[in-house]
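*Asks:* Input structure: query-v1.cif, which contains mmCIF, C-alpha atoms.
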```cif
data_run
loop_
_atom_site.group_PDB
_atom_site.id
_atom_site.type_symbol
_atom_site.label_atom_id
_atom_site.label_comp_id
_atom_site.auth_asym_id
_atom_site.auth_seq_id
_atom_site.Cartn_x
_atom_site.Cartn_y
_atom_site.Cartn_z
ATOM 1 C CA MET A 1 0.000 0.000 0.000
ATOM 2 C CA LYS A 2 1.295 3.440 -0.886
ATOM 3 C CA GLU A 3 2.189 5.764 1.977
ATOM 4 C CA GLU A 4 -0.504 8.374 1.187
ATOM 5 C CA GLN A 5 -3.148 5.622 1.010
ATOM 6 C CA LYS A 6 -2.008 4.244 4.347
ATOM 7 C CA ARG A 7 -2.144 7.732 5.937
ATOM 8 C CA LEU A 8 -5.684 8.277 4.622
ATOM 9 C CA PHE A 9 -6.905 4.963 6.080
ATOM 10 C CA GLU A 10 -5.203 5.778 9.386
ATOM 11 C CA THR A 11 -6.848 9.219 9.465
ATOM 12 C CA LEU A 12 -10.282 7.799 8.686
ATOM 13 C CA HIS A 13 -9.781 5.153 11.381
ATOM 14 C CA SER A 14 -8.783 7.883 13.850
ATOM 15 C CA PHE A 15 -12.174 9.530 13.397
ATOM 16 C CA ARG A 16 -13.819 6.319 14.619
ATOM 17 C CA LYS A 17 -11.658 6.482 17.728
ATOM 18 C CA LEU A 18 -12.633 10.056 18.663
ATOM 19 C CA ASN A 19 -14.130 10.021 22.148
ATOM 20 C CA ILE A 20 -17.377 11.884 21.453
ATOM 21 C CA SER A 21 -18.843 10.309 24.597
ATOM 22 C CA GLY A 22 -16.523 12.519 26.621
ATOM 23 C CA ILE A 23 -18.657 15.568 25.843
ATOM 24 C CA LEU A 24 -22.038 13.858 26.233
ATOM 25 C CA PRO A 25 -24.107 13.973 29.433
ATOM 26 C CA ASN A 26 -24.429 10.532 31.017
ATOM 27 C CA ILE A 27 -24.762 8.580 27.752
ATOM 28 C CA SER A 28 -22.334 6.789 25.455
ATOM 29 C CA HIS A 29 -22.154 7.622 21.780
ATOM 30 C CA GLY A 30 -23.497 4.140 20.931
ATOM 31 C CA ASP A 31 -26.451 4.435 23.310
ATOM 32 C CA TYR A 32 -27.218 7.862 21.877
ATOM 33 C CA GLY A 33 -27.282 6.308 18.391
ATOM 34 C CA VAL A 34 -29.778 3.671 19.507
ATOM 35 C CA LEU A 35 -31.966 6.258 21.267
ATOM 36 C CA LYS A 36 -31.864 8.473 18.169
ATOM 37 C CA MET A 37 -32.820 5.520 15.943
ATOM 38 C CA ILE A 38 -35.821 4.667 18.136
ATOM 39 C CA ASP A 39 -36.938 8.278 17.886
ATOM 40 C CA LEU A 40 -36.445 8.323 14.089
ATOM 41 C CA CYS A 41 -38.338 5.053 13.656
ATOM 42 C CA ASN A 42 -41.190 6.421 15.762
ATOM 43 C CA ARG A 43 -41.372 9.510 13.555
ATOM 44 C CA ASN A 44 -41.036 7.654 10.260
ATOM 45 C CA CYS A 45 -43.863 5.138 10.566
ATOM 46 C CA GLU A 46 -41.793 2.152 11.781
ATOM 47 C CA LYS A 47 -43.866 2.404 14.937
ATOM 48 C CA GLU A 48 -46.447 -0.226 15.678
ATOM 49 C CA GLN A 49 -48.843 -0.507 18.576
ATOM 50 C CA GLY A 50 -46.620 -0.137 21.615
ATOM 51 C CA GLY A 51 -43.530 1.269 19.905
ATOM 52 C CA VAL A 52 -40.744 0.180 17.592
ATOM 53 C CA LYS A 53 -39.679 -3.458 17.301
ATOM 54 C CA VAL A 54 -36.188 -4.195 18.581
ATOM 55 C CA SER A 55 -35.539 -6.136 15.371
ATOM 56 C CA SER A 56 -36.408 -3.021 13.311
ATOM 57 C CA ILE A 57 -33.901 -0.956 15.267
ATOM 58 C CA ALA A 58 -31.184 -3.577 14.732
ATOM 59 C CA ARG A 59 -31.991 -3.810 11.015
ATOM 60 C CA CYS A 60 -31.951 -0.037 10.508
ATOM 61 C CA MET A 61 -28.664 0.328 12.379
ATOM 62 C CA GLN A 62 -27.155 -2.786 10.751
ATOM 63 C CA LEU A 63 -26.216 -4.109 14.191
ATOM 64 C CA PRO A 64 -26.790 -7.470 15.841
ATOM 65 C CA VAL A 65 -29.902 -7.611 18.040
ATOM 66 C CA SER A 66 -27.638 -8.498 20.981
ATOM 67 C CA ALA A 67 -25.718 -5.202 20.639
ATOM 68 C CA VAL A 68 -28.955 -3.208 20.443
ATOM 69 C CA SER A 69 -30.324 -5.095 23.463
ATOM 70 C CA ARG A 70 -27.309 -4.085 25.571
ATOM 71 C CA SER A 71 -27.929 -0.424 24.757
ATOM 72 C CA LEU A 72 -31.636 -0.818 25.427
ATOM 73 C CA ARG A 73 -30.913 -2.248 28.867
ATOM 74 C CA THR A 74 -28.749 0.784 29.714
ATOM 75 C CA LEU A 75 -31.295 3.235 28.296
ATOM 76 C CA GLU A 76 -34.106 1.552 30.216
ATOM 77 C CA GLU A 77 -32.128 1.777 33.474
ATOM 78 C CA LYS A 78 -31.719 5.518 32.869
ATOM 79 C CA GLY A 79 -35.448 5.932 32.248
ATOM 80 C CA CYS A 80 -34.955 6.962 28.607
ATOM 81 C CA ILE A 81 -37.066 4.181 27.079
ATOM 82 C CA LEU A 82 -39.900 1.830 27.930
ATOM 83 C CA ARG A 83 -39.993 -1.748 26.684
ATOM 84 C CA SER A 84 -43.151 -3.761 26.238
ATOM 85 C CA VAL A 85 -43.955 -7.269 25.044
ATOM 86 C CA ASN A 86 -46.532 -7.935 22.350
ATOM 87 C CA ARG A 87 -49.505 -9.713 23.953
ATOM 88 C CA ASP A 88 -50.120 -11.849 20.851
ATOM 89 C CA ASP A 89 -46.492 -12.803 20.188
ATOM 90 C CA ARG A 90 -44.164 -12.609 23.177
ATOM 91 C CA ARG A 91 -41.130 -12.766 20.877
ATOM 92 C CA ASN A 92 -41.855 -9.214 19.705
ATOM 93 C CA ILE A 93 -40.439 -6.554 22.016
ATOM 94 C CA TYR A 94 -41.406 -2.934 21.440
ATOM 95 C CA VAL A 95 -39.529 0.163 22.562
ATOM 96 C CA GLU A 96 -40.673 3.752 23.080
ATOM 97 C CA VAL A 97 -38.748 6.903 24.034
ATOM 98 C CA THR A 98 -39.870 8.461 27.325
ATOM 99 C CA ASP A 99 -40.016 12.157 28.154
ATOM 100 C CA THR A 100 -36.670 11.734 29.922
ATOM 101 C CA GLY A 101 -35.266 10.194 26.737
ATOM 102 C CA ARG A 102 -36.595 13.030 24.593
ATOM 103 C CA GLU A 103 -35.038 15.591 26.936
ATOM 104 C CA LEU A 104 -31.707 13.760 26.763
ATOM 105 C CA LEU A 105 -31.904 13.586 22.959
ATOM 106 C CA LYS A 106 -32.505 17.324 22.789
ATOM 107 C CA GLU A 107 -29.584 18.043 25.122
ATOM 108 C CA VAL A 108 -27.195 15.773 23.211
ATOM 109 C CA GLU A 109 -28.247 17.220 19.848
ATOM 110 C CA GLU A 110 -27.553 20.741 21.132
ATOM 111 C CA ILE A 111 -24.109 19.669 22.386
ATOM 112 C CA LEU A 112 -23.256 17.920 19.101
ATOM 113 C CA SER A 113 -24.502 20.853 17.053
ATOM 114 C CA ASP A 114 -22.384 23.262 19.091
ATOM 115 C CA PHE A 115 -19.362 20.936 18.729
ATOM 116 C CA ALA A 116 -19.848 20.664 14.945
ATOM 117 C CA ASP A 117 -20.228 24.444 14.609
ATOM 118 C CA ALA A 118 -16.979 24.952 16.534
ATOM 119 C CA VAL A 119 -14.990 22.386 14.533
ATOM 120 C CA PHE A 120 -16.359 23.189 11.085
ATOM 121 C CA GLY A 121 -16.371 26.912 11.766
ATOM 122 C CA GLN A 122 -12.593 26.788 12.098
ATOM 123 C CA LEU A 123 -12.293 25.211 8.653
ATOM 124 C CA GLY A 124 -14.757 27.383 6.734
ATOM 125 C CA GLU A 125 -17.706 26.502 4.538
ATOM 126 C CA ASP A 126 -15.722 26.231 1.292
ATOM 127 C CA THR A 127 -13.232 23.781 2.812
ATOM 128 C CA ILE A 128 -16.020 21.686 4.310
ATOM 129 C CA GLU A 129 -17.906 21.573 0.996
ATOM 130 C CA GLN A 130 -14.778 20.567 -0.905
ATOM 131 C CA LEU A 131 -13.907 17.909 1.685
ATOM 132 C CA ASN A 132 -17.454 16.549 1.544
ATOM 133 C CA GLN A 133 -17.294 16.298 -2.255
ATOM 134 C CA TYR A 134 -13.968 14.451 -2.100
ATOM 135 C CA LEU A 135 -15.213 12.037 0.552
ATOM 136 C CA CYS A 136 -18.435 11.334 -1.371
ATOM 137 C CA ARG A 137 -16.391 10.638 -4.500
ATOM 138 C CA LEU A 138 -14.042 8.360 -2.517
ATOM 139 C CA LEU A 139 -17.002 6.498 -1.005
ATOM 140 C CA GLN A 140 -18.708 5.982 -4.369
ATOM 141 C CA THR A 141 -15.478 4.777 -5.979
ATOM 142 C CA ALA A 142 -14.854 2.357 -3.097
ATOM 143 C CA LYS A 143 -18.418 0.996 -3.316
ATOM 144 C CA GLU A 144 -18.088 0.422 -7.052
ATOM 145 C CA GLU A 145 -14.709 -1.293 -6.661
ATOM 146 C CA LEU A 146 -16.032 -3.532 -3.861
ATOM 147 C CA GLU A 147 -18.959 -4.537 -6.053
ATOM 148 C CA ARG A 148 -16.572 -5.407 -8.904
ATOM 149 C CA ARG A 149 -14.453 -7.496 -6.545
ATOM 150 C CA LYS A 150 -17.309 -9.186 -4.718
ATOM 151 C CA TYR A 151 -16.510 -12.812 -4.006
ATOM 152 C CA THR A 152 -18.334 -15.430 -5.999
ATOM 153 C CA SER A 153 -17.961 -19.146 -5.502
ATOM 154 C CA LYS A 154 -16.440 -21.299 -8.197
ATOM 155 C CA SER A 155 -19.850 -22.868 -8.930
ATOM 156 C CA GLU A 156 -21.391 -19.422 -9.485
ATOM 157 C CA GLN A 157 -18.566 -18.495 -11.842
ATOM 158 C CA GLU A 158 -18.995 -21.737 -13.806
ATOM 159 C CA GLY A 159 -22.740 -21.125 -13.963
ATOM 160 C CA GLY A 160 -22.304 -18.150 -16.251
ATOM 161 C CA ASP A 161 -21.034 -15.338 -14.014
ATOM 162 C CA GLN A 162 -18.172 -13.919 -16.057
ATOM 163 C CA ARG A 163 -16.760 -11.386 -13.564
ATOM 164 C CA LYS A 164 -13.149 -10.444 -14.002
#
```
Represent the structure of the file as structure tokens.
*Replies:*
Amino acid sequence: MKEEQKRLFETLHSFRKLNISGILPNISHGDYGVLKMIDLCNRNCEKEQGGVKVSSIARCMQLPVSAVSRSLRTLEEKGCILRSVNRDDRRNIYVEVTDTGRELLKEVEEILSDFADAVFGQLGEDTIEQLNQYLCRLLQTAKEELERRKYTSKSEQEGGDQRK
């Protein structure tokens, strides 16, 4: 791998390691993401009688149900969500955001907005727009290349898939 490519991957990886939780009030970044997703699902018609299905949250976040369940347990202990079991099918667990959860969401969103304004304000709108365009182009190129290189079994290749 070329040195500039390696540095770019290292920089992108470093963003994942930023400790955003350090500026958040009594909630981890991951738990905030789950709480935000529950709220979004509630607003965007994923809600059923009694709330949003845990499986819907996991699917939307592309996370295992077990990871979402850990966050839900923490959020429930903090009074941010309520869980309920479907009376007709006990396998279906529903989740709703409480008033406490909505207040916490609002507080976190204000903190993150202020943080983003401070960081991006130092760079300037033109720089941010240019960076965003470059990153979108990089993402699209990477997606296309991954699709071209997608693994296919030998039997699929012999069955007429002529990928090179």
*Asks:* Could you give me, as a compact mmCIF listing (two decimals) with C-alpha atoms, in the frame of the given file, the residues within 12 Å of Glu103 in chain A, counting all atoms listed in the file and dropping anything in the same chain fewer than 5 positions from it?
*Replies:*
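Contents of around-v3.txt, freshly written:
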```
# COMPACT_ATOMS: atom_id res chain seq x y z
CA PRO A 25 -24.11 13.97 29.43
CA LEU A 35 -31.97 6.26 21.27
CA LYS A 36 -31.86 8.47 18.17
CA ASP A 39 -36.94 8.28 17.89
CA GLY A 79 -35.45 5.93 32.25
CA CYS A 80 -34.96 6.96 28.61
CA ILE A 81 -37.07 4.18 27.08
CA VAL A 97 -38.75 6.90 24.03
CA THR A 98 -39.87 8.46 27.32
CA VAL A 108 -27.20 15.77 23.21
CA GLU A 109 -28.25 17.22 19.85
CA GLU A 110 -27.55 20.74 21.13
```
*Asks:* Between A:Tyr151, A:Val52, A:Leu139, A:Asp114, which residue has the minimum interatomic distance to Leu12 in chain A, considering only C-alpha atoms?
*Replies:*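 Under the stated criterion, the closest residue is A:Leu139.
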*Asks:* Could you tell me how far CA of Leu24 in chain A sits from CA of Leu112 in chain A, in Å to one decimal place?
*Replies:*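 So the answer is 8.3 Å.
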*Asks:* Counting all atoms listed in the file, which residue out of A:Ile27, A:Leu146, A:Cys60, A:Val54 sits closest to Leu75 in chain A?
*Replies:*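 Distance minimum relative to Leu75 in chain A lands on A:Ile27.
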*Asks:* Neighbouring residues of range 5-11 of chain A were defined as those with any atom within 12 Å, considering only C-alpha atoms; residues of the same chain fewer than 5 positions away were excluded. Please report them as a PyMOL selection string.
*Replies:* chain A and resi 16-18+135+138
*Asks:* To one decimal in Å, tell me the separation between CA of Ser55 in chain A and CA of Ile93 in chain A.
*Replies:*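 For CA of Ser55 in chain A relative to CA of Ile93 in chain A, the distance reads 8.3 Å.
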*Asks:* Excluding Leu40 in chain A and its own-chain neighbours fewer than 5 positions away, which residues fall within 12 Å of it when counting all atoms listed in the file? Please give them as a PyMOL selection string.
*Replies:* chain A and resi 33-35+45-47+51-52+56-57+60-61+96-97+102+105
*Asks:* Export C-alpha atoms of range 33-150 of chain A from the structure just given, as a CSV table (one decimal), in the first residue's frame?
*Replies:*
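Below is the file that was written, result_12.csv:
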```
chain,number,residue,atom,x,y,z
A,33,GLY,CA,-27.3,6.3,18.4
A,34,VAL,CA,-29.8,3.7,19.5
A,35,LEU,CA,-32.0,6.3,21.3
A,36,LYS,CA,-31.9,8.5,18.2
A,37,MET,CA,-32.8,5.5,15.9
A,38,ILE,CA,-35.8,4.7,18.1
A,39,ASP,CA,-36.9,8.3,17.9
A,40,LEU,CA,-36.4,8.3,14.1
A,41,CYS,CA,-38.3,5.1,13.7
A,42,ASN,CA,-41.2,6.4,15.8
A,43,ARG,CA,-41.4,9.5,13.6
A,44,ASN,CA,-41.0,7.7,10.3
A,45,CYS,CA,-43.9,5.1,10.6
A,46,GLU,CA,-41.8,2.2,11.8
A,47,LYS,CA,-43.9,2.4,14.9
A,48,GLU,CA,-46.4,-0.2,15.7
A,49,GLN,CA,-48.8,-0.5,18.6
A,50,GLY,CA,-46.6,-0.1,21.6
A,51,GLY,CA,-43.5,1.3,19.9
A,52,VAL,CA,-40.7,0.2,17.6
A,53,LYS,CA,-39.7,-3.5,17.3
A,54,VAL,CA,-36.2,-4.2,18.6
A,55,SER,CA,-35.5,-6.1,15.4
A,56,SER,CA,-36.4,-3.0,13.3
A,57,ILE,CA,-33.9,-1.0,15.3
A,58,ALA,CA,-31.2,-3.6,14.7
A,59,ARG,CA,-32.0,-3.8,11.0
A,60,CYS,CA,-32.0,0.0,10.5
A,61,MET,CA,-28.7,0.3,12.4
A,62,GLN,CA,-27.2,-2.8,10.8
A,63,LEU,CA,-26.2,-4.1,14.2
A,64,PRO,CA,-26.8,-7.5,15.8
A,65,VAL,CA,-29.9,-7.6,18.0
A,66,SER,CA,-27.6,-8.5,21.0
A,67,ALA,CA,-25.7,-5.2,20.6
A,68,VAL,CA,-29.0,-3.2,20.4
A,69,SER,CA,-30.3,-5.1,23.5
A,70,ARG,CA,-27.3,-4.1,25.6
A,71,SER,CA,-27.9,-0.4,24.8
A,72,LEU,CA,-31.6,-0.8,25.4
A,73,ARG,CA,-30.9,-2.2,28.9
A,74,THR,CA,-28.7,0.8,29.7
A,75,LEU,CA,-31.3,3.2,28.3
A,76,GLU,CA,-34.1,1.6,30.2
A,77,GLU,CA,-32.1,1.8,33.5
A,78,LYS,CA,-31.7,5.5,32.9
A,79,GLY,CA,-35.4,5.9,32.2
A,80,CYS,CA,-35.0,7.0,28.6
A,81,ILE,CA,-37.1,4.2,27.1
A,82,LEU,CA,-39.9,1.8,27.9
A,83,ARG,CA,-40.0,-1.7,26.7
A,84,SER,CA,-43.2,-3.8,26.2
A,85,VAL,CA,-44.0,-7.3,25.0
A,86,ASN,CA,-46.5,-7.9,22.3
A,87,ARG,CA,-49.5,-9.7,24.0
A,88,ASP,CA,-50.1,-11.8,20.9
A,89,ASP,CA,-46.5,-12.8,20.2
A,90,ARG,CA,-44.2,-12.6,23.2
A,91,ARG,CA,-41.1,-12.8,20.9
A,92,ASN,CA,-41.9,-9.2,19.7
A,93,ILE,CA,-40.4,-6.6,22.0
A,94,TYR,CA,-41.4,-2.9,21.4
A,95,VAL,CA,-39.5,0.2,22.6
A,96,GLU,CA,-40.7,3.8,23.1
A,97,VAL,CA,-38.7,6.9,24.0
A,98,THR,CA,-39.9,8.5,27.3
A,99,ASP,CA,-40.0,12.2,28.2
A,100,THR,CA,-36.7,11.7,29.9
A,101,GLY,CA,-35.3,10.2,26.7
A,102,ARG,CA,-36.6,13.0,24.6
A,103,GLU,CA,-35.0,15.6,26.9
A,104,LEU,CA,-31.7,13.8,26.8
A,105,LEU,CA,-31.9,13.6,23.0
A,106,LYS,CA,-32.5,17.3,22.8
A,107,GLU,CA,-29.6,18.0,25.1
A,108,VAL,CA,-27.2,15.8,23.2
A,109,GLU,CA,-28.2,17.2,19.8
A,110,GLU,CA,-27.6,20.7,21.1
A,111,ILE,CA,-24.1,19.7,22.4
A,112,LEU,CA,-23.3,17.9,19.1
A,113,SER,CA,-24.5,20.9,17.1
A,114,ASP,CA,-22.4,23.3,19.1
A,115,PHE,CA,-19.4,20.9,18.7
A,116,ALA,CA,-19.8,20.7,14.9
A,117,ASP,CA,-20.2,24.4,14.6
A,118,ALA,CA,-17.0,25.0,16.5
A,119,VAL,CA,-15.0,22.4,14.5
A,120,PHE,CA,-16.4,23.2,11.1
A,121,GLY,CA,-16.4,26.9,11.8
A,122,GLN,CA,-12.6,26.8,12.1
A,123,LEU,CA,-12.3,25.2,8.7
A,124,GLY,CA,-14.8,27.4,6.7
A,125,GLU,CA,-17.7,26.5,4.5
A,126,ASP,CA,-15.7,26.2,1.3
A,127,THR,CA,-13.2,23.8,2.8
A,128,ILE,CA,-16.0,21.7,4.3
A,129,GLU,CA,-17.9,21.6,1.0
A,130,GLN,CA,-14.8,20.6,-0.9
A,131,LEU,CA,-13.9,17.9,1.7
A,132,ASN,CA,-17.5,16.5,1.5
A,133,GLN,CA,-17.3,16.3,-2.3
A,134,TYR,CA,-14.0,14.5,-2.1
A,135,LEU,CA,-15.2,12.0,0.6
A,136,CYS,CA,-18.4,11.3,-1.4
A,137,ARG,CA,-16.4,10.6,-4.5
A,138,LEU,CA,-14.0,8.4,-2.5
A,139,LEU,CA,-17.0,6.5,-1.0
A,140,GLN,CA,-18.7,6.0,-4.4
A,141,THR,CA,-15.5,4.8,-6.0
A,142,ALA,CA,-14.9,2.4,-3.1
A,143,LYS,CA,-18.4,1.0,-3.3
A,144,GLU,CA,-18.1,0.4,-7.1
A,145,GLU,CA,-14.7,-1.3,-6.7
A,146,LEU,CA,-16.0,-3.5,-3.9
A,147,GLU,CA,-19.0,-4.5,-6.1
A,148,ARG,CA,-16.6,-5.4,-8.9
A,149,ARG,CA,-14.5,-7.5,-6.5
A,150,LYS,CA,-17.3,-9.2,-4.7
```
